[in-house]
Amino acid sequence: MTKPKTNKFTWTEWFPYPSSWLKAFILALFLGIIIRIISFTGEISYKIANFANSPELFVIFTILLIISPIVLITFTHHIFHIIIGKIFPKIQSPEMQNIQGYIPGIVSIWEGLYGWLVIALSSFILLLITALISPVFDIKFHETTKIYNDYEKTIICIFGFTWITTGAFIYQIDFLFKRHLLSISLANSNDKKESQIDQVEVQLNTLKGDHGLTEMKDTKKSLTTSQLSPIAQQKDEFTEAIILAKKAAQITRFAKTKAEWYQVGIAWQKTIEMMKTVPISDPNYKAAQQKIIDYQKYINCAKKAVNSQNIN
């Protein structure tokens, strides 16, 4: 891949990325559907609780209605990615590939939980702002918007933009937190590999000492793949390629800038090179060849991102 040119303009990491704005906007549109469903089911639940003359039943229905957006967002996210995977598989995110059935995975469940948190926090913050400034503009929010004049409608639009902005910042915090965990995970993985190499070096040096060898060689240089047994080579090559693929998928998920997309391309290229070392005698050879084709698509996407004029 061609290394991207340095750009003087840098995106402040605490300012929401376009993906954060998009998630908040989609959630705001979906919020209208959620409110309609909750209003309809809430009215029915109230009538049932009132007919049964049971305050306990009313409390149960209320709690279920409050947490119901989690279920709605979770299943919507899961079904949406099933459709995307069938119609536009090339743009499917790595962590949502090969999803099957109608039982949501952990990613969809997290999106449901975090989406509910975004709705709750954004709504509370908007209510706080409304309580502070509504006396100034004399806006009566208990009245229907049909009788508002143009000025008041403008104020309501501003409030809607405020809700989306708050949601975008909350999604940005989620992104930064996940990226922080990813950097720690990769750092720990590298430290673990270094530790394993050091342990092997100590053990070999001990064996050399037991055999009366006084010249110590650097195992980092002398311990090569050719010294391993063929069976171990086959197993390690495919397994190592899968590990690299998982790391590349994580990096892909959080890539935003051209520099980050360049690293994505490098990561997938290394993964492909590792997959190419899987020999024909390996039972995983066919799977490795197919993955090489799939991983090349990610490199092509990374190249497009690096060469794009819309990405800094």
# chains A, B, ... in the order shown; residues from 1 in each chain; ligands from 1

$ residues_around --residues "segment 104-121 of chain A" --least-positions-apart "6" --cutoff "8 Å" --atoms "only C-alpha atoms" --output "VMD selection string"
chain A and resid 27 31 67 69 to 75 77 to 78 95 to 96 167 170 to 171

$ residues_around --residues "segment 286-301 of chain A" --least-positions-apart "2" --cutoff "7 Å" --atoms "only C-alpha atoms" --output "PyMOL selection string"
chain A and resi 265+268+272+275+284+303-305

$ atom_distance --atom1 "atom CA of Lys256 of chain A" --atom2 "atom CA of Tyr17 of chain A"
7.8 Å

$ atom_distance --atom1 "atom CA of Ile63 of chain A" --atom2 "atom CA of Thr76 of chain A"
20.8 Å

$ residues_around --residues "segment 163-165 of chain A" --least-positions-apart "6" --cutoff "7 Å" --atoms "only C-alpha atoms" --output "list of chain:residue names"
A:Ala24, A:Phe25, A:Ala28, A:Ser122, A:Ser123, A:Leu126

$ atom_distance --atom1 "atom CA of Ile184 of chain A" --atom2 "atom CA of Ala255 of chain A"
16.2 Å

$ closest_residue --among "A:Thr252, A:Thr130, A:Thr154, A:Ser20" --to "Leu182 of chain A" --atoms "only C-alpha atoms"
A:Thr252

$ decode --residues "segment 38-50 of chain A" --atoms "N, CA and C atoms" --output "mmCIF file, in the first residue's frame"
data_model
loop_
_atom_site.group_PDB
_atom_site.id
_atom_site.type_symbol
_atom_site.label_atom_id
_atom_site.label_comp_id
_atom_site.auth_asym_id
_atom_site.auth_seq_id
_atom_site.Cartn_x
_atom_site.Cartn_y
_atom_site.Cartn_z
ATOM 1 N N ILE A 38 -44.018 2.198 22.612
ATOM 2 C CA ILE A 38 -44.162 2.294 24.065
ATOM 3 C C ILE A 38 -45.495 2.931 24.440
ATOM 4 N N SER A 39 -45.907 3.957 23.673
ATOM 5 C CA SER A 39 -47.192 4.621 23.973
ATOM 6 C C SER A 39 -48.359 3.653 23.803
ATOM 7 N N PHE A 40 -48.321 2.876 22.720
ATOM 8 C CA PHE A 40 -49.410 1.938 22.450
ATOM 9 C C PHE A 40 -49.459 0.820 23.495
ATOM 10 N N THR A 41 -48.298 0.191 23.720
ATOM 11 C CA THR A 41 -48.254 -0.905 24.702
ATOM 12 C C THR A 41 -48.461 -0.390 26.119
ATOM 13 N N GLY A 42 -48.013 0.846 26.375
ATOM 14 C CA GLY A 42 -48.201 1.424 27.708
ATOM 15 C C GLY A 42 -49.668 1.653 28.029
ATOM 16 N N GLU A 43 -50.405 2.095 27.031
ATOM 17 C CA GLU A 43 -51.843 2.316 27.240
ATOM 18 C C GLU A 43 -52.562 1.009 27.518
ATOM 19 N N ILE A 44 -52.199 -0.026 26.764
ATOM 20 C CA ILE A 44 -52.817 -1.338 26.985
ATOM 21 C C ILE A 44 -52.430 -1.891 28.355
ATOM 22 N N SER A 45 -51.149 -1.737 28.725
ATOM 23 C CA SER A 45 -50.679 -2.237 30.024
ATOM 24 C C SER A 45 -51.385 -1.538 31.179
ATOM 25 N N TYR A 46 -51.615 -0.224 31.031
ATOM 26 C CA TYR A 46 -52.305 0.521 32.084
ATOM 27 C C TYR A 46 -53.743 0.041 32.254
ATOM 28 N N LYS A 47 -54.392 -0.216 31.113
ATOM 29 C CA LYS A 47 -55.780 -0.690 31.189
ATOM 30 C C LYS A 47 -55.849 -2.072 31.854
ATOM 31 N N ILE A 48 -54.872 -2.935 31.526
ATOM 32 C CA ILE A 48 -54.861 -4.269 32.129
ATOM 33 C C ILE A 48 -54.623 -4.175 33.629
ATOM 34 N N ALA A 49 -53.640 -3.347 34.027
ATOM 35 C CA ALA A 49 -53.335 -3.198 35.451
ATOM 36 C C ALA A 49 -54.494 -2.554 36.192
ATOM 37 N N ASN A 50 -55.150 -1.585 35.538
ATOM 38 C CA ASN A 50 -56.287 -0.915 36.170
ATOM 39 C C ASN A 50 -57.481 -1.864 36.292
#
